[in-house]
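The structure under discussion appears below in the form of structure tokens.
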Amino acid sequence: MPIKVIRQDITKIECDAIVNPSDERLTGCGGLDKVIHDVAGNMLAEQCRKLGGVKTGEAKLTRGLNLPCKHVIHTAGPIWQGGDQGEDELLASCYTSCLKLAKAHRFRSVAFPVISSGSYGYPKDRAMKIAIKAIGDFVFENEMLIYLVVYDKSAYCVSEKLFAQVESFIDDAYVSERAPRLNASRMVRTDRAFEQMAACASTCAEDAPKDTKSLDEMLEEMDKGFAETLFYYIDKKGLSDVECYKKANVDKKTFSKIKCNKSYKPSKVTAVSFAIALRLDIDETNHLLRTVGMTLSRSSKFDVIIEYFITSGNYESIFDVNETLFQFDQVMLGV
């Protein structure tokens, strides 16, 4: 199952377990740690005392008590000390330790905050990239739904350079709603131009040779459906089925539906997710989208951002694209 980045209060998420970023003593005395303890109730502190603490980068488990989740996984994140004290390795270990613990208890869903990015001072963009990398490596090999919970854009941010590049691309390509309205005389001239174009098109249509193909012949020449086209590109790009749906951040269940139903029509987001995963070029992407009656449009900000990444190739994984979509308040790829 995939990674789902959401804006939510982690104490309100219904799942098998939420992750509590605590200290080595599991005291519940500050930040999100305290919030989780307050919602769970006094019994959580008692359970934590019985655990005898936890080392930085490791994880331990308690029940969820008054929380809507079934369990709480406690981990001690590293304090930022400049980046040369092994902080990155310890932070990555927090995620892998929690996920291994969740797997051992056969959990199917876990919600993470961005560990150490608050009072522990970890740079938020760096903390997010470590989280995505550690969780991504795990879900590539395991079936588990992971929620990565953020509170604002500052927790999930792209570089200023990339943001500026995408913003410039949007400005050049996107039809802005703030564009000045045409004045009346310009509208009259435009209407006349359209009338002339329509008349010309009508004349050309009358002069054009008639299509003598039967309906059966036209149906026979139809493009392949989404499923057949998708598997054509999977083979062309040399990926396995598993590699493809994992890279697309799509769950196994959805992929199975596509595989078993040749007439399956995915959402545009799902179709684009596969295009990004397969690193299709712009023509290939539109070819895939046309099989479900869609295409990338210059009048959609989401589409323009996708076009930027496809044409520039400026991404390593689907999560790089999602970072930018998040910054521009667009729906993210995958789930």
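Ligands are numbered from 1 in the order shown, residues from 1 within each chain, and chains are lettered A, B, ... in the order they appear in the structure tokens.
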
Within 10 Å of range 6-13 of chain A, counting only C-alpha atoms, which residues show up once you throw out same-chain ones fewer than 6 positions away? Write them as a VMD selection string, please. chain A and resid 19 to 20 32 35 to 40 64 66 to 69 110 to 113 147 to 153 326 332

Spatial neighbours of range 264-266 of chain A, 9 Å, only C-alpha atoms, chain gap at least 5 places, as a ChimeraX atom specification: /A:225-227,254,257-259,271,291-292

The residue from A:Gly30, A:Val72, A:Tyr315, A:His287 with the smallest atom-to-atom distance to Cys48 in chain A, counting only C-alpha atoms, is A:Val72

Can you pull out every residue within 9 Å of range 249-252 of chain A, counting only C-alpha atoms, but drop anything in the same chain fewer than 3 positions away, and send it as a ChimeraX atom specification? /A:1-4,143,145,242,244-246,255-257,270,273-274,277,318-319,333-335

Counting only C-alpha atoms, which of A:Asn261, A:Thr311, A:Ser317, A:Thr75 gets nearest to Leu278 in chain A?
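For Leu278 in chain A, the nearest of the candidates is A:Ser317.
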
May I have the residues within 8 Å of Gln330 in chain A as a PyMOL selection string, using only C-alpha atoms and disregarding those fewer than 3 positions away in the same chain? chain A and resi 301-302+325-327

Please, could you write that set of residues out with N, CA and C atoms as a compact mmCIF listing (two decimals), in the first residue's frame?
# COMPACT_ATOMS: atom_id res chain seq x y z
N LYS A 301 -4.04 24.04 -13.53
CA LYS A 301 -2.76 24.21 -12.85
C LYS A 301 -2.11 22.86 -12.54
N PHE A 302 -2.93 21.88 -12.12
CA PHE A 302 -2.42 20.53 -11.88
C PHE A 302 -1.74 20.00 -13.14
N LEU A 325 3.22 19.71 -5.90
CA LEU A 325 1.75 19.77 -5.96
C LEU A 325 1.19 20.25 -4.63
N PHE A 326 1.79 19.79 -3.53
CA PHE A 326 1.35 20.21 -2.19
C PHE A 326 1.54 21.71 -2.01
N GLN A 327 2.67 22.22 -2.45
CA GLN A 327 2.96 23.65 -2.30
C GLN A 327 1.98 24.52 -3.08

Here CA of Arg63 in chain A and CA of Ile18 in chain A stand apart by 10.3 Å
